[in-house]
>>> print(open('target.cif').read())   # mmCIF, C-alpha atoms and all ligand atoms
data_target
loop_
_atom_site.label_atom_id
_atom_site.label_comp_id
_atom_site.auth_asym_id
_atom_site.auth_seq_id
_atom_site.Cartn_x
_atom_site.Cartn_y
_atom_site.Cartn_z
CA MET A 1 21.26 -15.09 -12.02
CA SER A 2 18.04 -15.71 -10.16
CA LYS A 3 16.06 -12.58 -9.45
CA THR A 4 14.64 -11.69 -6.08
CA ARG A 5 10.87 -11.52 -6.06
CA ILE A 6 9.50 -8.36 -4.51
CA LEU A 7 5.77 -8.42 -3.92
CA THR A 8 3.38 -5.98 -2.32
CA GLY A 9 -0.29 -5.07 -2.39
CA ILE A 10 -2.26 -1.91 -1.75
CA THR A 11 -5.75 -2.23 -0.35
CA THR A 12 -8.14 -0.32 -2.59
CA SER A 13 -10.09 1.45 0.09
CA GLY A 14 -9.20 5.07 -0.56
CA ILE A 15 -7.62 7.68 -2.79
CA PRO A 16 -3.79 7.72 -2.63
CA HIS A 17 -2.28 10.61 -0.67
CA LEU A 18 1.13 12.27 -0.47
CA GLY A 19 2.18 9.89 2.32
CA ASN A 20 1.31 6.77 0.28
CA TYR A 21 3.30 8.18 -2.60
CA ALA A 22 6.49 9.19 -0.80
CA GLY A 23 6.43 6.27 1.65
CA ALA A 24 5.40 3.37 -0.58
CA ILE A 25 4.58 4.00 -4.24
CA ARG A 26 7.65 6.01 -5.24
CA PRO A 27 10.18 3.70 -3.49
CA ALA A 28 8.44 0.60 -4.91
CA ILE A 29 8.65 1.93 -8.46
CA GLU A 30 12.28 2.93 -7.91
CA SER A 31 13.16 -0.54 -6.60
CA SER A 32 11.46 -2.19 -9.57
CA LYS A 33 14.04 -0.66 -11.92
CA ALA A 34 16.94 -2.79 -10.62
CA ASP A 35 18.07 -5.67 -12.84
CA ASN A 36 18.24 -8.28 -10.09
CA VAL A 37 14.60 -8.04 -9.02
CA GLU A 38 11.25 -9.16 -10.33
CA SER A 39 8.40 -7.06 -8.96
CA PHE A 40 4.78 -8.00 -8.32
CA PHE A 41 2.56 -5.07 -7.35
CA PHE A 42 -1.16 -5.56 -7.03
CA LEU A 43 -4.42 -3.93 -6.06
CA ALA A 44 -5.80 -5.81 -3.07
CA ASP A 45 -9.45 -5.37 -3.92
CA TYR A 46 -10.65 -8.45 -2.04
CA HIS A 47 -9.08 -6.90 1.05
CA ALA A 48 -11.09 -3.75 0.38
CA LEU A 49 -14.32 -5.66 1.02
CA ILE A 50 -13.36 -6.24 4.65
CA LYS A 51 -15.19 -4.08 7.21
CA LYS A 52 -16.47 -1.51 4.74
CA HIS A 53 -19.29 -2.51 2.44
CA ASP A 54 -19.32 0.34 0.00
CA PRO A 55 -19.25 -0.72 -3.68
CA GLN A 56 -18.96 2.83 -4.97
CA MET A 57 -15.93 3.49 -2.78
CA VAL A 58 -14.23 0.25 -3.88
CA ARG A 59 -14.85 0.96 -7.57
CA GLU A 60 -13.52 4.49 -7.29
CA SER A 61 -10.52 3.42 -5.29
CA VAL A 62 -9.54 0.65 -7.72
CA ARG A 63 -9.62 3.16 -10.54
CA SER A 64 -7.70 5.78 -8.61
CA VAL A 65 -5.02 3.45 -7.24
CA ALA A 66 -4.42 1.89 -10.66
CA ALA A 67 -4.16 5.33 -12.30
CA THR A 68 -1.82 6.52 -9.54
CA TRP A 69 0.69 3.70 -10.02
CA LEU A 70 0.74 4.11 -13.77
CA ALA A 71 0.92 7.91 -13.65
CA SER A 72 3.75 7.63 -11.12
CA GLY A 73 5.87 5.79 -13.67
CA LEU A 74 5.17 2.10 -13.13
CA ASP A 75 5.85 0.20 -16.34
CA PRO A 76 3.26 -2.59 -16.68
CA ASN A 77 5.52 -4.41 -19.13
CA ARG A 78 8.39 -4.56 -16.68
CA VAL A 79 6.48 -5.10 -13.42
CA THR A 80 3.71 -7.66 -12.96
CA PHE A 81 0.95 -5.21 -12.03
CA TYR A 82 -2.44 -6.79 -11.46
CA ARG A 83 -5.70 -6.81 -9.65
CA GLN A 84 -6.08 -9.50 -6.99
CA THR A 85 -9.61 -10.33 -8.13
CA ASP A 86 -8.38 -11.02 -11.66
CA ILE A 87 -6.44 -13.99 -10.32
CA PRO A 88 -8.99 -16.61 -9.17
CA GLU A 89 -6.12 -18.92 -8.21
CA ILE A 90 -5.46 -16.67 -5.21
CA THR A 91 -8.91 -17.26 -3.76
CA GLU A 92 -8.68 -20.98 -4.40
CA LEU A 93 -5.34 -21.12 -2.64
CA THR A 94 -6.87 -19.13 0.22
CA TRP A 95 -9.31 -21.97 0.89
CA ILE A 96 -6.61 -24.62 0.74
CA LEU A 97 -4.54 -22.62 3.22
CA THR A 98 -7.61 -22.05 5.42
CA THR A 99 -7.87 -25.80 5.89
CA ILE A 100 -4.39 -25.98 7.41
CA THR A 101 -4.34 -22.73 9.40
CA ALA A 102 -4.79 -22.99 13.16
CA LYS A 103 -7.66 -20.92 14.49
CA GLY A 104 -5.40 -20.04 17.40
CA LEU A 105 -2.99 -18.36 15.00
CA MET A 106 -5.78 -16.11 13.70
CA ASN A 107 -6.89 -15.37 17.29
CA ARG A 108 -3.56 -13.61 17.72
CA ALA A 109 -3.87 -11.25 14.73
CA HIS A 110 -3.66 -7.60 15.83
CA ALA A 111 -6.68 -6.39 13.87
CA TYR A 112 -8.91 -9.10 15.32
CA LYS A 113 -7.55 -8.63 18.83
CA ALA A 114 -8.16 -4.88 18.64
CA ALA A 115 -11.81 -5.49 17.66
CA VAL A 116 -12.28 -7.90 20.58
CA GLN A 117 -10.56 -5.50 22.96
CA GLU A 118 -12.93 -2.74 21.99
CA ASN A 119 -15.93 -4.99 22.63
CA VAL A 120 -14.56 -5.96 26.03
CA GLU A 121 -13.96 -2.34 26.95
CA THR A 122 -17.47 -1.34 25.96
CA ASN A 123 -18.97 -4.32 27.82
CA ALA A 124 -20.51 -5.81 24.68
CA ALA A 125 -22.42 -9.03 25.37
CA ASP A 126 -20.33 -10.85 22.75
CA PRO A 127 -16.59 -10.16 22.47
CA ASP A 128 -16.87 -11.02 18.76
CA LYS A 129 -19.62 -8.48 18.16
CA GLY A 130 -19.35 -6.99 14.65
CA VAL A 131 -16.41 -9.22 13.71
CA GLU A 132 -16.88 -10.77 10.30
CA MET A 133 -15.03 -13.84 9.06
CA GLY A 134 -13.31 -11.69 6.43
CA LEU A 135 -11.63 -9.66 9.15
CA PHE A 136 -10.84 -12.76 11.19
CA SER A 137 -9.22 -14.74 8.39
CA TYR A 138 -7.73 -11.78 6.48
CA PRO A 139 -4.16 -12.96 7.18
CA ILE A 140 -4.86 -16.18 5.24
CA LEU A 141 -5.89 -14.25 2.13
CA MET A 142 -2.77 -12.16 2.53
CA ALA A 143 -0.63 -15.31 2.88
CA ALA A 144 -2.15 -16.64 -0.36
CA ASP A 145 -1.38 -13.32 -2.12
CA ILE A 146 2.24 -13.71 -1.19
CA ILE A 147 3.02 -17.40 -1.53
CA MET A 148 1.00 -17.86 -4.74
CA PHE A 149 3.94 -16.06 -6.39
CA ASN A 150 6.68 -17.21 -4.03
CA GLY A 151 7.17 -13.61 -2.96
CA GLU A 152 10.47 -13.28 -1.09
CA LYS A 153 10.81 -9.64 -0.07
CA ILE A 154 7.59 -8.00 1.01
CA PRO A 155 7.77 -4.21 1.49
CA VAL A 156 5.16 -3.28 4.08
CA GLY A 157 4.47 -0.87 6.90
CA LYS A 158 5.25 -1.91 10.48
CA ASP A 159 1.61 -2.79 11.14
CA GLN A 160 1.84 -5.58 8.56
CA ILE A 161 4.90 -7.41 9.89
CA GLN A 162 2.77 -9.82 11.89
CA HIS A 163 0.87 -10.81 8.75
CA ILE A 164 4.08 -11.69 6.94
CA GLU A 165 5.13 -13.82 9.91
CA MET A 166 1.78 -15.59 9.74
CA ALA A 167 2.29 -16.16 6.00
CA ARG A 168 5.58 -17.87 6.86
CA ASP A 169 3.89 -20.04 9.49
CA ILE A 170 1.20 -21.07 7.05
CA ALA A 171 3.67 -21.73 4.20
CA GLN A 172 5.84 -23.76 6.55
CA ARG A 173 2.94 -25.91 7.67
CA PHE A 174 1.96 -26.58 4.05
CA ASN A 175 5.53 -27.55 3.20
CA PHE A 176 5.65 -29.86 6.23
CA LEU A 177 2.34 -31.58 5.38
CA TYR A 178 2.62 -31.82 1.60
CA GLY A 179 6.30 -31.39 0.73
CA GLU A 180 8.51 -28.43 -0.11
CA THR A 181 6.35 -26.03 -2.16
CA PHE A 182 6.52 -22.44 -1.00
CA ALA A 183 9.37 -19.97 -0.49
CA MET A 184 9.53 -18.23 2.88
CA PRO A 185 8.52 -14.57 2.59
CA GLU A 186 10.26 -11.88 4.56
CA ALA A 187 8.92 -8.46 5.53
CA VAL A 188 10.98 -5.50 4.40
CA VAL A 189 10.28 -2.47 6.54
CA ASP A 190 12.23 0.52 5.37
CA GLU A 191 13.12 2.22 8.65
CA SER A 192 14.30 5.26 6.78
CA ALA A 193 11.03 5.37 4.83
CA MET A 194 9.55 8.76 5.14
CA ILE A 195 6.73 9.14 7.56
CA ILE A 196 4.94 12.10 6.10
CA PRO A 197 2.92 14.11 8.59
CA GLY A 198 -0.59 15.18 7.64
CA LEU A 199 -2.55 18.41 8.06
CA ASP A 200 -2.58 18.14 11.87
CA GLY A 201 1.06 17.04 12.23
CA ARG A 202 0.27 13.39 13.04
CA LYS A 203 1.30 10.72 10.54
CA MET A 204 -0.62 11.27 7.30
CA SER A 205 -3.23 8.54 7.36
CA LYS A 206 -6.68 7.86 6.06
CA SER A 207 -7.74 6.83 9.55
CA TYR A 208 -6.82 10.24 10.98
CA GLY A 209 -8.63 12.13 8.22
CA ASN A 210 -5.60 14.40 7.81
CA THR A 211 -4.50 13.51 4.29
CA ILE A 212 -3.58 15.53 1.25
CA PRO A 213 -4.67 13.57 -1.84
CA LEU A 214 -1.70 13.11 -4.17
CA PHE A 215 -3.38 14.26 -7.36
CA GLU A 216 -5.88 16.73 -5.98
CA GLY A 217 -6.75 19.55 -8.41
CA GLU A 218 -4.56 22.63 -8.13
CA LYS A 219 -7.06 24.84 -6.30
CA LYS A 220 -7.98 22.32 -3.65
CA PHE A 221 -4.33 21.34 -3.32
CA ARG A 222 -3.36 24.92 -2.50
CA LYS A 223 -6.20 25.16 0.01
CA LEU A 224 -5.10 22.00 1.80
CA ILE A 225 -1.49 23.14 2.03
CA ASN A 226 -2.73 26.40 3.54
CA LYS A 227 -4.57 24.34 6.15
CA ILE A 228 -1.43 22.62 7.46
CA LYS A 229 -1.00 23.36 11.15
CA THR A 230 1.96 25.56 12.18
CA ASN A 231 2.83 27.41 15.38
CA SER A 232 2.13 31.08 16.05
CA LEU A 233 5.61 32.50 15.39
CA GLU A 234 5.53 35.73 13.39
CA PRO A 235 7.41 36.41 10.14
CA GLY A 236 10.97 37.44 10.98
CA GLU A 237 11.19 35.21 14.05
CA PRO A 238 13.64 32.30 13.63
CA LYS A 239 11.84 28.95 13.28
CA ASP A 240 12.77 25.35 13.96
CA PRO A 241 12.46 23.04 10.93
CA GLU A 242 12.48 19.96 13.21
CA GLY A 243 8.93 18.92 13.96
CA CYS A 244 7.56 21.32 11.34
CA THR A 245 5.05 19.61 9.06
CA LEU A 246 5.78 21.90 6.12
CA PHE A 247 9.48 21.16 6.34
CA ALA A 248 8.89 17.41 6.69
CA ILE A 249 6.74 17.32 3.56
CA TYR A 250 9.28 19.42 1.66
CA SER A 251 12.05 17.04 2.79
CA ALA A 252 10.24 14.03 1.38
CA PHE A 253 10.65 15.52 -2.08
CA THR A 254 14.12 17.08 -1.92
CA ASP A 255 17.78 16.26 -1.38
CA GLU A 256 19.99 17.36 1.47
CA ALA A 257 21.29 20.45 -0.31
CA ALA A 258 17.77 21.79 -0.84
CA GLN A 259 16.92 20.96 2.75
CA ALA A 260 19.98 22.80 4.05
CA GLU A 261 18.95 25.85 2.08
CA MET A 262 15.47 25.64 3.55
CA ARG A 263 16.87 25.35 7.11
CA GLN A 264 18.61 28.62 6.47
CA LYS A 265 15.33 30.25 5.45
CA TYR A 266 13.78 29.00 8.67
CA ALA A 267 16.67 30.44 10.67
CA ASN A 268 16.16 33.73 8.84
CA GLY A 269 12.53 33.77 9.92
CA ILE A 270 10.55 32.92 6.79
CA GLY A 271 6.84 33.61 7.44
CA TRP A 272 4.41 30.68 7.49
CA GLY A 273 2.34 32.24 4.70
CA ASP A 274 5.40 32.52 2.47
CA MET A 275 6.51 29.00 3.32
CA LYS A 276 3.09 27.59 2.45
CA LYS A 277 3.07 29.46 -0.84
CA PHE A 278 6.55 28.16 -1.60
CA LEU A 279 5.64 24.58 -0.70
CA PHE A 280 2.51 24.66 -2.83
CA GLU A 281 4.37 25.97 -5.85
CA PHE A 282 7.17 23.50 -5.38
CA LEU A 283 4.90 20.43 -5.04
CA ASN A 284 2.64 21.60 -7.79
CA GLU A 285 5.60 21.79 -10.16
CA GLU A 286 6.88 18.42 -8.94
CA LEU A 287 3.54 16.64 -9.46
CA LYS A 288 2.03 18.54 -12.38
CA ASP A 289 2.97 16.19 -15.21
CA LYS A 290 2.03 13.12 -13.22
CA ARG A 291 -1.27 14.71 -12.27
CA ASN A 292 -2.05 15.40 -15.94
CA GLU A 293 -1.31 11.79 -16.74
CA TYR A 294 -3.46 10.69 -13.78
CA ASP A 295 -6.35 12.83 -15.00
CA ARG A 296 -5.97 11.41 -18.49
CA LEU A 297 -6.04 7.83 -17.18
CA MET A 298 -8.99 8.50 -14.87
CA ALA A 299 -10.89 9.68 -17.93
CA ASP A 300 -9.92 6.54 -19.87
CA PRO A 301 -10.85 3.53 -17.74
CA ALA A 302 -10.47 1.21 -20.74
CA GLU A 303 -6.76 1.98 -20.75
CA LEU A 304 -6.57 1.07 -17.06
CA ASP A 305 -8.30 -2.22 -17.81
CA ARG A 306 -5.83 -2.90 -20.63
CA ALA A 307 -2.84 -2.26 -18.37
CA LEU A 308 -4.27 -4.55 -15.69
CA ALA A 309 -5.02 -7.22 -18.30
CA ILE A 310 -1.31 -7.36 -19.17
CA GLY A 311 -0.58 -8.03 -15.50
CA ALA A 312 -3.36 -10.58 -15.10
CA GLU A 313 -2.02 -12.55 -18.03
CA LYS A 314 1.53 -12.57 -16.65
CA ALA A 315 0.37 -13.41 -13.13
CA ARG A 316 -1.89 -16.24 -14.25
CA ALA A 317 0.87 -17.73 -16.39
CA ILE A 318 2.57 -18.37 -13.04
CA ALA A 319 -0.44 -19.04 -10.83
CA THR A 320 -2.32 -21.52 -13.03
CA PRO A 321 0.39 -24.21 -13.32
CA PHE A 322 1.52 -23.61 -9.72
CA LEU A 323 -2.00 -24.10 -8.39
CA ALA A 324 -2.38 -27.29 -10.45
CA ASP A 325 0.71 -28.60 -8.68
CA ILE A 326 -0.67 -27.53 -5.29
CA ARG A 327 -4.02 -29.21 -5.99
CA ASN A 328 -2.20 -32.42 -6.85
CA LYS A 329 -0.17 -32.26 -3.68
CA VAL A 330 -3.26 -31.99 -1.47
CA GLY A 331 -5.06 -34.76 -3.38
CA ILE A 332 -7.61 -32.89 -5.50
CA GLY A 333 -5.87 -33.11 -8.86
CA PRO A 334 -7.24 -35.04 -11.87
CA ILE A 335 -8.33 -38.59 -10.97
CA SER A 336 -6.29 -39.99 -13.85
CA GLY A 337 -3.18 -38.40 -12.24
N1 LIG B 1 -2.98 -5.84 4.01
C1 LIG B 1 -2.06 -4.93 3.35
C2 LIG B 1 -2.29 -3.52 3.90
O1 LIG B 1 -3.37 -3.22 4.37
C3 LIG B 1 -2.26 -4.96 1.87
C4 LIG B 1 -1.93 -6.30 1.33
C5 LIG B 1 -2.81 -7.26 0.94
C6 LIG B 1 -0.62 -6.82 1.13
N2 LIG B 1 -2.14 -8.37 0.51
C7 LIG B 1 -0.80 -8.13 0.62
C8 LIG B 1 0.67 -6.32 1.36
C9 LIG B 1 0.30 -8.96 0.33
C10 LIG B 1 1.76 -7.14 1.07
C11 LIG B 1 1.57 -8.45 0.56
O2 LIG B 1 -1.39 -2.72 3.84
#
>>> encode(input="target.cif", output="structure tokens")
Amino acid sequence: MSKTRILTGITTSGIPHLGNYAGAIRPAIESSKADNVESFFFLADYHALIKKHDPQMVRESVRSVAATWLASGLDPNRVTFYRQTDIPEITELTWILTTITAKGLMNRAHAYKAAVQENVETNAADPDKGVEMGLFSYPILMAADIIMFNGEKIPVGKDQIQHIEMARDIAQRFNFLYGETFAMPEAVVDESAMIIPGLDGRKMSKSYGNTIPLFEGEKKFRKLINKIKTNSLEPGEPKDPEGCTLFAIYSAFTDEAAQAEMRQKYANGIGWGDMKKFLFEFLNEELKDKRNEYDRLMADPAELDRALAIGAEKARAIATPFLADIRNKVGIGPISG
């Protein structure tokens, strides 16, 4: 039986929050346990260099994201779990793909278009003001990430669908020019994936500054939960769980029976203070062991390096011979053939 290759990357430009966990990390680890799949999860640290130039932030994020995956139950012996920058073949493939990618295709990328749009709106002299080549050609690096390992199913957020389509276009063009080489990747967007709201009720997102870090220390964690926005209904007044941030977060961690019970408490007029206290205690219990493991790993960076080294070895065992084949196909293999 041939296994389906699932591949996804997380840009190391922040500290994982509750939304990353419930929406991406937890389902990815769950899916990796099936027998008919082969999973490739990696830290996209080259992507983290785009737009922000903050070495301290990148270093911290790499450490935190690696510790988060491992503490959340990822098994580095089962999954190929690696750091993008440990696989030099990816960057080499990026250049080869750059030579066959139409500039016009990159012109259409949302992130680039948004930057140009902003310049136009603010009457900048140059529509490309502040746009670096890393941002412009980011989809090519992402295509290399994927097709280097013949990734088939690519779990991503909606905002990334276009990049997967571009990866297909680029892979297709390579196959057309040099012969059948790459599998066609497909985006997998889990429509039912939980969109966790943040402190202000909008989607929890680093860019909104409304996140609750997943493994925040207990005290700060309680404080943040107390900061979640609610309405002004008094204790005793019936409340609507729909559209309530506290209920939405609770739902991301519970089954329907627990949710039904909670709806009843809302109908009975649970006070917001009590609900926040309940939610804190519940999540704290839910995450406590993982947080201890996270803290342990954060204090032992050598163990993180060892786990990533296992992944790098497995990933390069695939990438090295595959890239040799690709180099041959484009005409830069050994002269002796
Ligand atoms: N660009 C993706 C994001 O910001 C992260 C990423 C990099 C990725 N390379 C990838 C996702 C390859 C899937 C496959 O979310």
>>> closest_residue(input="target.cif", among="A:Cys244, A:Ala312, A:Ala71, A:Val131", to="Tyr21 in chain A", atoms="all atoms listed in the file")
A:Ala71
>>> residues_near_point(input="target.cif", point="(-10.4, -15.5, -11.2)", cutoff="12 Å", atoms="all atoms listed in the file", output="ChimeraX atom specification")
/A:46,82-93,312-313,315-316,319-320
>>> closest_atom_pairs(input="target.cif", of="chain A", to="ligand LIG 1 (chain B)", cutoff="7 Å", atoms="only C-alpha atoms and all ligand atoms", output="CSV")
residue,atom,partner,partner_atom,distance
A:Leu7,CA,B:LIG1,C11,6.1
A:Thr8,CA,B:LIG1,C10,3.9
A:Gly9,CA,B:LIG1,C6,3.9
A:Ile10,CA,B:LIG1,C3,4.7
A:Thr11,CA,B:LIG1,C3,5.0
A:Ala44,CA,B:LIG1,C5,5.2
A:His47,CA,B:LIG1,C5,6.3
A:Met142,CA,B:LIG1,N2,4.3
A:Ala143,CA,B:LIG1,C9,6.9
A:Asp145,CA,B:LIG1,C9,5.3
A:Ile146,CA,B:LIG1,C9,5.4
A:Ile154,CA,B:LIG1,C10,5.9
A:Pro155,CA,B:LIG1,C10,6.7
A:Val156,CA,B:LIG1,C10,6.0
A:Gly157,CA,B:LIG1,O2,6.9
A:Gln160,CA,B:LIG1,O2,6.4
>>> axis_aligned_box(input="target.cif", around="range 142-148 of chain A", padding_each_side="5 Å", output="JSON")
{"center_x": 0.1, "center_y": -15.0, "center_z": -0.9, "size_x": 15.8, "size_y": 15.7, "size_z": 17.6}
>>> closest_residue(input="target.cif", among="A:Asp300, A:Glu234, A:Asp45, A:Leu177", to="Leu141 in chain A", atoms="all atoms listed in the file")
A:Asp45
>>> residues_around(input="target.cif", residues="range 245-258 of chain A", least_positions_apart="2", cutoff="10 Å", atoms="all atoms listed in the file", output="ChimeraX atom specification")
/A:18-19,21-23,193-203,225-226,228-230,240-243,260-263,266,272,275-276,278-280,282-283,286
>>> write_last_selection(input="target.cif", atoms="C-alpha atoms", output="PDB file, in the coordinates of the input")
ATOM      1  CA  LEU A  18       1.130  12.270  -0.470  1.00  0.00           C
ATOM      2  CA  GLY A  19       2.180   9.890   2.320  1.00  0.00           C
ATOM      3  CA  TYR A  21       3.300   8.180  -2.600  1.00  0.00           C
ATOM      4  CA  ALA A  22       6.490   9.190  -0.800  1.00  0.00           C
ATOM      5  CA  GLY A  23       6.430   6.270   1.650  1.00  0.00           C
ATOM      6  CA  ALA A 193      11.030   5.370   4.830  1.00  0.00           C
ATOM      7  CA  MET A 194       9.550   8.760   5.140  1.00  0.00           C
ATOM      8  CA  ILE A 195       6.730   9.140   7.560  1.00  0.00           C
ATOM      9  CA  ILE A 196       4.940  12.100   6.100  1.00  0.00           C
ATOM     10  CA  PRO A 197       2.920  14.110   8.590  1.00  0.00           C
ATOM     11  CA  GLY A 198      -0.590  15.180   7.640  1.00  0.00           C
ATOM     12  CA  LEU A 199      -2.550  18.410   8.060  1.00  0.00           C
ATOM     13  CA  ASP A 200      -2.580  18.140  11.870  1.00  0.00           C
ATOM     14  CA  GLY A 201       1.060  17.040  12.230  1.00  0.00           C
ATOM     15  CA  ARG A 202       0.270  13.390  13.040  1.00  0.00           C
ATOM     16  CA  LYS A 203       1.300  10.720  10.540  1.00  0.00           C
ATOM     17  CA  ILE A 225      -1.490  23.140   2.030  1.00  0.00           C
ATOM     18  CA  ASN A 226      -2.730  26.400   3.540  1.00  0.00           C
ATOM     19  CA  ILE A 228      -1.430  22.620   7.460  1.00  0.00           C
ATOM     20  CA  LYS A 229      -1.000  23.360  11.150  1.00  0.00           C
ATOM     21  CA  THR A 230       1.960  25.560  12.180  1.00  0.00           C
ATOM     22  CA  ASP A 240      12.770  25.350  13.960  1.00  0.00           C
ATOM     23  CA  PRO A 241      12.460  23.040  10.930  1.00  0.00           C
ATOM     24  CA  GLU A 242      12.480  19.960  13.210  1.00  0.00           C
ATOM     25  CA  GLY A 243       8.930  18.920  13.960  1.00  0.00           C
ATOM     26  CA  ALA A 260      19.980  22.800   4.050  1.00  0.00           C
ATOM     27  CA  GLU A 261      18.950  25.850   2.080  1.00  0.00           C
ATOM     28  CA  MET A 262      15.470  25.640   3.550  1.00  0.00           C
ATOM     29  CA  ARG A 263      16.870  25.350   7.110  1.00  0.00           C
ATOM     30  CA  TYR A 266      13.780  29.000   8.670  1.00  0.00           C
ATOM     31  CA  TRP A 272       4.410  30.680   7.490  1.00  0.00           C
ATOM     32  CA  MET A 275       6.510  29.000   3.320  1.00  0.00           C
ATOM     33  CA  LYS A 276       3.090  27.590   2.450  1.00  0.00           C
ATOM     34  CA  PHE A 278       6.550  28.160  -1.600  1.00  0.00           C
ATOM     35  CA  LEU A 279       5.640  24.580  -0.700  1.00  0.00           C
ATOM     36  CA  PHE A 280       2.510  24.660  -2.830  1.00  0.00           C
ATOM     37  CA  PHE A 282       7.170  23.500  -5.380  1.00  0.00           C
ATOM     38  CA  LEU A 283       4.900  20.430  -5.040  1.00  0.00           C
ATOM     39  CA  GLU A 286       6.880  18.420  -8.940  1.00  0.00           C
TER      40      GLU A 286
END
>>> closest_residue(input="target.cif", among="A:Asp128, A:Met204, A:Leu105, A:Gly337", to="Met166 in chain A", atoms="only C-alpha atoms")
A:Leu105
>>> residues_around(input="target.cif", residues="range 178-192 of chain A", least_positions_apart="4", cutoff="7 Å", atoms="only C-alpha atoms", output="ChimeraX atom specification")
/A:147,150-158,161,164,168,171,174,329-330
>>> atom_distance(input="target.cif", atom1="CA of Trp69 in chain A", atom2="CA of Gly217 in chain A")
17.6 Å
>>> closest_residue(input="target.cif", among="A:Ala267, A:Met106, A:Leu224, A:Ala24", to="Glu237 in chain A", atoms="all atoms listed in the file")
A:Ala267
>>> closest_residue(input="target.cif", among="A:Asn77, A:Gln264, A:Ser61, A:Thr68", to="Ala307 in chain A", atoms="only C-alpha atoms")
A:Asn77
>>> atom_distance(input="target.cif", atom1="CA of Arg222 in chain A", atom2="CA of Lys265 in chain A")
21.0 Å
>>> atom_distance(input="target.cif", atom1="CA of Phe215 in chain A", atom2="CA of Asn231 in chain A")
27.0 Å
>>> closest_residue(input="target.cif", among="A:Thr94, A:Thr80, A:Gln259, A:Asn175", to="Ile318 in chain A", atoms="all atoms listed in the file")
A:Thr80
